$ cat input_27.txt   # compact mmCIF, C-alpha atoms
# COMPACT_ATOMS: atom_id res chain seq x y z
CA MET W 29 10.92 50.11 74.17
CA HIS W 30 13.08 47.47 72.52
CA TYR W 31 12.05 45.95 69.20
CA GLU W 32 14.00 43.08 67.75
CA ARG W 33 13.57 41.29 64.46
CA THR W 34 15.80 38.51 63.17
CA ALA W 35 15.43 37.15 59.67
CA ILE W 36 15.91 33.39 59.51
CA ASP W 37 17.48 32.43 56.18
CA ALA W 38 17.91 28.69 56.58
CA PRO W 39 14.93 26.32 56.58
CA ILE W 40 14.05 25.42 60.14
CA LYS W 41 13.48 21.98 61.53
CA THR W 42 10.37 21.93 63.63
CA ASP W 43 7.77 19.55 64.95
CA ASP W 44 5.17 22.34 64.97
CA LEU W 45 2.34 20.69 63.02
CA VAL W 46 0.68 23.97 62.02
CA TYR W 47 3.92 25.39 60.66
CA CYS W 48 4.53 22.16 58.72
CA ARG W 49 1.00 22.28 57.26
CA ALA W 50 1.34 25.94 56.24
CA ALA W 51 4.76 25.36 54.66
CA ALA W 52 3.48 22.26 52.83
CA TRP W 53 0.42 24.15 51.55
CA PHE W 54 2.61 26.97 50.24
CA ARG W 55 5.09 24.54 48.61
CA ALA W 56 2.23 22.77 46.83
CA THR W 57 0.24 25.81 45.71
CA ARG W 58 2.77 28.70 45.56
CA GLY W 59 0.14 30.73 47.41
CA ASP W 60 -2.79 30.28 45.03
CA ALA W 61 -5.80 30.49 47.39
CA SER W 62 -7.98 28.64 44.90
CA ALA W 63 -5.77 25.54 45.11
CA ASP W 64 -6.20 22.88 47.80
CA THR W 65 -8.81 24.98 49.57
CA ALA W 66 -9.55 22.26 52.13
CA ALA W 67 -5.97 22.42 53.46
CA LEU W 68 -6.05 26.22 53.43
CA THR W 69 -9.35 26.27 55.36
CA ARG W 70 -7.79 24.05 58.05
CA ILE W 71 -4.86 26.40 58.67
CA LEU W 72 -6.76 29.70 58.37
CA PRO W 73 -7.60 29.91 62.11
CA TYR W 74 -3.82 30.27 62.64
CA LEU W 75 -3.31 32.85 59.89
CA GLN W 76 -3.59 36.57 59.48
CA VAL W 77 -4.34 37.45 55.86
CA GLN W 78 -3.73 41.00 54.75
CA THR W 79 -3.99 42.59 51.35
CA VAL W 80 -1.02 44.67 50.26
CA SER W 81 -1.59 47.61 47.97
CA GLY W 82 0.70 50.61 47.47
CA ASP W 83 2.03 51.45 50.92
CA GLU W 84 -0.89 50.08 52.89
CA THR W 85 -2.02 46.76 54.23
CA ARG W 86 -5.54 45.81 55.24
CA TYR W 87 -6.89 42.84 57.11
CA LEU W 88 -8.92 40.39 55.18
CA TYR W 89 -8.86 37.62 57.74
CA CYS W 90 -7.61 37.27 61.29
CA GLY W 91 -7.74 33.76 62.71
CA THR W 92 -8.70 33.39 66.34
CA LEU W 93 -5.69 31.16 67.03
CA THR W 94 -3.19 33.90 66.17
CA PRO W 95 -1.21 36.16 68.52
CA ALA W 96 -3.60 38.99 67.52
CA GLY W 97 -6.52 36.77 68.54
CA ALA W 98 -4.84 35.89 71.83
CA LEU W 99 -4.04 39.54 72.62
CA TYR W 100 -7.15 41.32 71.34
CA GLY W 101 -9.84 38.65 71.49
CA LYS W 102 -12.37 36.94 69.22
CA ASP W 103 -14.42 40.07 68.54
CA PHE W 104 -11.39 41.78 67.08
CA CYS W 105 -10.91 38.79 64.76
CA ARG W 106 -14.59 38.63 63.78
CA THR W 107 -14.61 42.27 62.69
CA ALA W 108 -11.02 42.48 61.39
CA ALA W 109 -11.82 42.52 57.63
CA GLY W 110 -11.03 45.96 56.21
CA LYS W 111 -9.11 47.20 59.27
CA SER W 112 -5.61 48.57 58.74
CA GLY W 113 -4.06 46.40 61.44
CA ILE W 114 -3.86 45.70 65.14
CA PRO W 115 -4.74 48.51 67.57
CA ASP W 116 -1.06 49.07 68.48
CA GLU W 117 -0.24 51.09 65.34
CA LYS W 118 3.48 51.41 66.08
CA VAL W 119 3.89 47.65 66.35
CA ASP W 120 1.66 47.16 63.32
CA ARG W 121 3.82 49.42 61.16
CA TYR W 122 6.91 47.53 62.32
CA LEU W 123 5.37 44.12 61.62
CA THR W 124 3.92 44.92 58.21
CA ARG W 125 7.24 46.08 56.72
CA THR W 126 8.12 42.49 55.88
CA TYR W 127 4.84 42.06 53.97
CA PHE W 128 5.91 44.48 51.24
CA ASP W 129 9.13 42.51 50.63
CA VAL W 130 7.19 39.23 50.54
CA VAL W 131 4.73 40.57 47.95
CA ARG W 132 7.41 42.31 45.87
CA ASN W 133 9.66 39.25 45.72
CA GLN W 134 6.85 36.66 45.83
CA ARG W 135 9.00 34.75 48.30
CA PRO W 136 8.14 33.67 51.84
CA ALA W 137 10.02 35.05 54.84
CA LEU W 138 10.77 33.56 58.20
CA GLU W 139 11.66 35.70 61.18
CA ARG W 140 11.66 35.92 64.93
CA VAL W 141 10.25 39.05 66.50
CA ALA W 142 10.47 40.19 70.11
CA MET W 143 8.71 43.37 71.21
CA PRO W 144 6.27 44.90 73.63
CA VAL W 145 2.71 45.11 72.30
CA GLN W 146 0.16 47.49 73.83
CA VAL W 147 -3.11 45.83 74.79
CA GLU W 148 -5.63 48.27 76.27
CA GLY W 149 -2.80 50.48 77.51
CA VAL W 150 -0.79 47.66 79.05
CA PRO W 151 2.45 46.61 77.31
CA HIS W 152 2.83 42.86 76.91
CA PHE W 153 6.21 41.44 76.00
CA CYS W 154 5.75 39.14 73.00
CA ASP W 155 8.26 36.83 71.43
CA PHE W 156 7.15 34.95 68.34
CA TYR W 157 8.20 33.28 65.12
CA ARG W 158 6.54 34.33 61.89
CA PHE W 159 6.28 32.53 58.59
CA ILE W 160 4.99 34.98 56.01
CA PHE W 161 4.09 33.89 52.51
CA PRO W 162 2.51 35.50 49.46
CA LEU W 163 -1.11 34.71 48.75
CA ASN W 164 -3.05 35.29 45.55
CA LEU W 165 -6.76 35.76 46.20
CA ASN W 166 -8.58 35.88 42.91
CA GLY W 167 -5.90 38.19 41.47
CA VAL W 168 -5.54 40.31 44.62
CA SER W 169 -2.06 40.41 46.17
CA ALA W 170 -2.03 39.46 49.81
CA VAL W 171 0.17 37.90 52.45
CA ALA W 172 -0.60 35.25 55.01
CA ALA W 173 1.32 35.36 58.28
CA LEU W 174 1.56 32.38 60.58
CA ALA W 175 2.88 33.60 63.93
CA ARG W 176 3.60 31.28 66.82
CA PHE W 177 4.50 32.51 70.29
CA ALA W 178 7.91 31.40 71.48
CA ASP W 179 6.78 32.29 75.02
CA THR W 180 3.44 33.23 76.52
CA PRO W 181 3.05 37.04 76.46
CA THR W 182 3.69 38.63 79.84
CA PRO W 183 2.34 42.00 80.98
CA LEU W 184 5.23 44.37 81.69
CA ASN W 185 3.58 46.34 84.51
CA MET C 24 -52.69 30.59 63.04
CA SER C 25 -53.97 27.46 61.29
CA LEU C 26 -51.79 24.45 60.64
CA ARG C 27 -52.10 25.07 56.90
CA SER C 28 -50.87 28.71 57.09
CA GLU C 29 -48.01 27.66 59.42
CA THR C 30 -46.93 25.09 56.84
CA VAL C 31 -47.07 27.71 54.08
CA ASP C 32 -45.01 30.16 56.22
CA THR C 33 -42.38 27.50 56.84
CA GLN C 34 -42.24 26.72 53.13
CA ILE C 35 -41.88 30.40 52.22
CA ALA C 36 -39.17 30.90 54.84
CA SER C 37 -37.34 27.87 53.50
CA ILE C 38 -37.59 29.10 49.89
CA LEU C 39 -36.35 32.59 50.85
CA LEU C 40 -33.44 31.10 52.82
CA ASP C 41 -32.54 28.80 49.93
CA CYS C 42 -32.53 31.73 47.49
CA ASN C 43 -30.40 33.87 49.81
CA SER C 44 -28.00 31.02 50.47
CA GLU C 45 -27.55 30.49 46.75
CA LYS C 46 -27.00 34.18 46.16
CA LEU C 47 -24.59 34.41 49.06
CA GLN C 48 -22.66 31.35 47.87
CA SER C 49 -22.42 32.77 44.37
CA LEU C 50 -21.04 36.06 45.81
CA ILE C 51 -18.49 34.05 47.81
CA ASP C 52 -17.47 31.96 44.79
CA GLU C 53 -17.26 35.01 42.54
CA ALA C 54 -14.90 36.69 45.02
CA GLY C 55 -12.85 33.50 45.42
CA LEU C 56 -13.42 33.62 49.18
CA ASP C 57 -14.77 30.13 49.79
CA PRO C 58 -11.93 28.92 52.09
CA LEU C 59 -11.96 32.18 54.07
CA VAL C 60 -15.71 32.14 54.56
CA ARG C 61 -15.71 28.45 55.50
CA ALA C 62 -13.04 29.08 58.14
CA TYR C 63 -14.81 32.26 59.31
CA ILE C 64 -18.23 30.69 59.89
CA ASP C 65 -16.65 27.70 61.59
CA GLU C 66 -14.47 29.84 63.89
CA HIS C 67 -17.05 32.41 64.85
CA PHE C 68 -20.39 30.64 64.59
CA GLY C 69 -19.50 26.95 64.78
CA ALA C 70 -21.28 26.47 61.44
CA ARG C 71 -20.24 24.32 58.51
CA HIS C 72 -22.63 25.71 55.90
CA ILE C 73 -23.98 29.17 55.20
CA GLU C 74 -27.50 27.70 55.37
CA ASP C 75 -26.90 27.30 59.12
CA LEU C 76 -26.39 31.04 59.72
CA ASN C 77 -28.90 33.46 61.17
CA ASN C 78 -29.46 36.97 59.77
CA ARG C 79 -26.89 38.66 62.05
CA GLN C 80 -24.25 36.08 61.12
CA ILE C 81 -25.07 36.48 57.42
CA ARG C 82 -24.53 40.23 57.83
CA ASP C 83 -21.05 39.54 59.24
CA VAL C 84 -20.25 37.33 56.23
CA LEU C 85 -21.54 40.04 53.88
CA ASN C 86 -19.26 42.56 55.63
CA LEU C 87 -16.31 40.25 55.00
CA ILE C 88 -17.23 40.00 51.30
CA ALA C 89 -17.82 43.76 51.05
CA ALA C 90 -14.42 44.47 52.66
CA PHE C 91 -12.74 42.13 50.17
CA ARG C 92 -14.51 43.69 47.19
CA ALA C 93 -13.49 47.18 48.34
CA LEU C 94 -9.89 46.04 48.82
CA ALA C 95 -9.86 44.28 45.44
CA LYS C 96 -11.21 47.41 43.78
CA GLY C 97 -8.53 49.53 45.52
CA ALA C 98 -5.81 47.09 44.48
CA ALA C 99 -6.99 47.19 40.86
CA GLY C 100 -7.28 50.98 40.82
$ encode --input "input_27.txt" --output "C-alpha cells"
Amino acid sequence: MHYERTAIDAPIKTDDLVYCRAAAWFRATRGDASADTAALTRILPYLQVQTVSGDETRYLYCGTLTPAGALYGKDFCRTAAGKSGIPDEKVDRYLTRTYFDVVRNQRPALERVAMPVQVEGVPHFCDFYRFIFPLNLNGVSAVAALARFADTPTPLN
Amino acid sequence: MSLRSETVDTQIASILLDCNSEKLQSLIDEAGLDPLVRAYIDEHFGARHIEDLNNRQIRDVLNLIAAFRALAKGAAG
C-alpha cells in the first residue's frame, strides 16, 4: 500500500471558506479555545480535535463533516471522545505523527496526504489536504485538524 | 391523576431539569468545553441549548466531559 505525505511550506491561496475561517480563527487566537468561541463553534463540525500527551493522542472531538465522519459515520463521531483514533490503526499512526511536531513547536502545519484507508475491511483511496494547528483547551495541549478531500474517496476493490 | 397533581409534577420536573442544566453547564464551563459541547449538541441532536436535551443525550454530553477530564488528568500527570 502506498502512503504519501507532502508538507506544504508556503501559504496557500484558496477559496475554501472553511479553510479560510479556520486559518483566520487561529491567526486571531493563536489556538486559545476560550477566545472567539462563536467562531470556533462554527468550524468544529469540520475539525478533529485530539489531545496530545507523551506518545499518545486521544480524540476529544470528531466533527461529522470531516473525512473520518464521511468514512466511518455519525455514530463514530458521536462516541469519538476518549478513543485513540480512527479504526484503521496503521493509517492513524501515520496521520498523528504530525500532531506531535505541531504541539512541540506550537506551529501549524499544512500537508497533503494520499493513502488507502480501511473502512470495514475495504480499502478506500483517500487524497486530502490537512491544516493542523495547536489548540489550548483550558491548559490541555491538543491539536485541531481540518482535513478536506481533494477527491471523493473511492473503494479500491 | 388530578389537574393539580399534574401541575405539581410538571413544576417538579421543570425544577429538576433546571437544576441539572445549571450543574451540567457549570461542569462544561469549568472544563472550558463550551464551544465543543455547543457544536456537539447541534451536530448530533440538533439542539442549541442543553435544556433541550433528553436524558440519553445528556449522558452522551457527560461522557464527552468525563473523557476530557480523564485526558486532562492524564496530561497533567
$ residues_around --input "input_27.txt" --residues "W:Asp64" --least-positions-apart "2" --cutoff "12 Å" --atoms "all atoms listed in the file" --output "tab-separated table (two decimals) with C-alpha atoms, in the coordinates of the input"
chain	number	residue	atom	x	y	z
W	49	ARG	CA	1.00	22.28	57.26
W	50	ALA	CA	1.34	25.94	56.24
W	52	ALA	CA	3.48	22.26	52.83
W	53	TRP	CA	0.42	24.15	51.55
W	54	PHE	CA	2.61	26.97	50.24
W	55	ARG	CA	5.09	24.54	48.61
W	56	ALA	CA	2.23	22.77	46.83
W	57	THR	CA	0.24	25.81	45.71
W	58	ARG	CA	2.77	28.70	45.56
W	59	GLY	CA	0.14	30.73	47.41
W	60	ASP	CA	-2.79	30.28	45.03
W	61	ALA	CA	-5.80	30.49	47.39
W	62	SER	CA	-7.98	28.64	44.90
W	66	ALA	CA	-9.55	22.26	52.13
W	67	ALA	CA	-5.97	22.42	53.46
W	68	LEU	CA	-6.05	26.22	53.43
W	69	THR	CA	-9.35	26.27	55.36
W	70	ARG	CA	-7.79	24.05	58.05
W	71	ILE	CA	-4.86	26.40	58.67
C	57	ASP	CA	-14.77	30.13	49.79
C	58	PRO	CA	-11.93	28.92	52.09
$ closest_residue --input "input_27.txt" --among "W:Val171, W:Ala51, W:Val141, W:Val80" --to "chain C" --atoms "all atoms listed in the file"
W:Val80
$ interface_residues --input "input_27.txt" --of "chain W" --to "chain C" --cutoff "7 Å" --atoms "all atoms listed in the file" --output "list in words"
Ser62, Thr65, Leu68, Thr69, Leu72, Pro73, Ser81, Leu88, Arg106, Ala109, Gly110, Leu165, Asn166 and Val168 of chain W
$ closest_residue --input "input_27.txt" --among "W:Phe104, W:Phe161, W:Phe128, W:Phe156" --to "W:Leu75" --atoms "all atoms listed in the file"
W:Phe161
$ residues_around --input "input_27.txt" --residues "W:Pro144" --least-positions-apart "5" --cutoff "12 Å" --atoms "all atoms listed in the file" --output "JSON, numbers by chain"
{"W": [29, 30, 31, 32, 99, 116, 118, 119, 120, 122, 149, 150, 151, 152, 153, 154, 155, 156, 181, 182, 183, 184, 185]}
$ residues_around --input "input_27.txt" --residues "W:Ile160" --least-positions-apart "6" --cutoff "6 Å" --atoms "all atoms listed in the file" --output "ChimeraX atom specification"
/W:136-137,172-173
$ atom_distance --input "input_27.txt" --atom1 "atom CA of W:Leu138" --atom2 "atom CA of W:Leu123"
12.3 Å
$ atom_distance --input "input_27.txt" --atom1 "atom CA of C:Asn43" --atom2 "atom CA of W:Asn164"
27.7 Å
$ atom_distance --input "input_27.txt" --atom1 "atom CA of W:Thr92" --atom2 "atom CA of C:Asp75"
20.5 Å
$ closest_residue --input "input_27.txt" --among "W:Asp179, W:Asp103, W:Asp83, W:Asp43" --to "W:Met143" --atoms "all atoms listed in the file"
W:Asp179
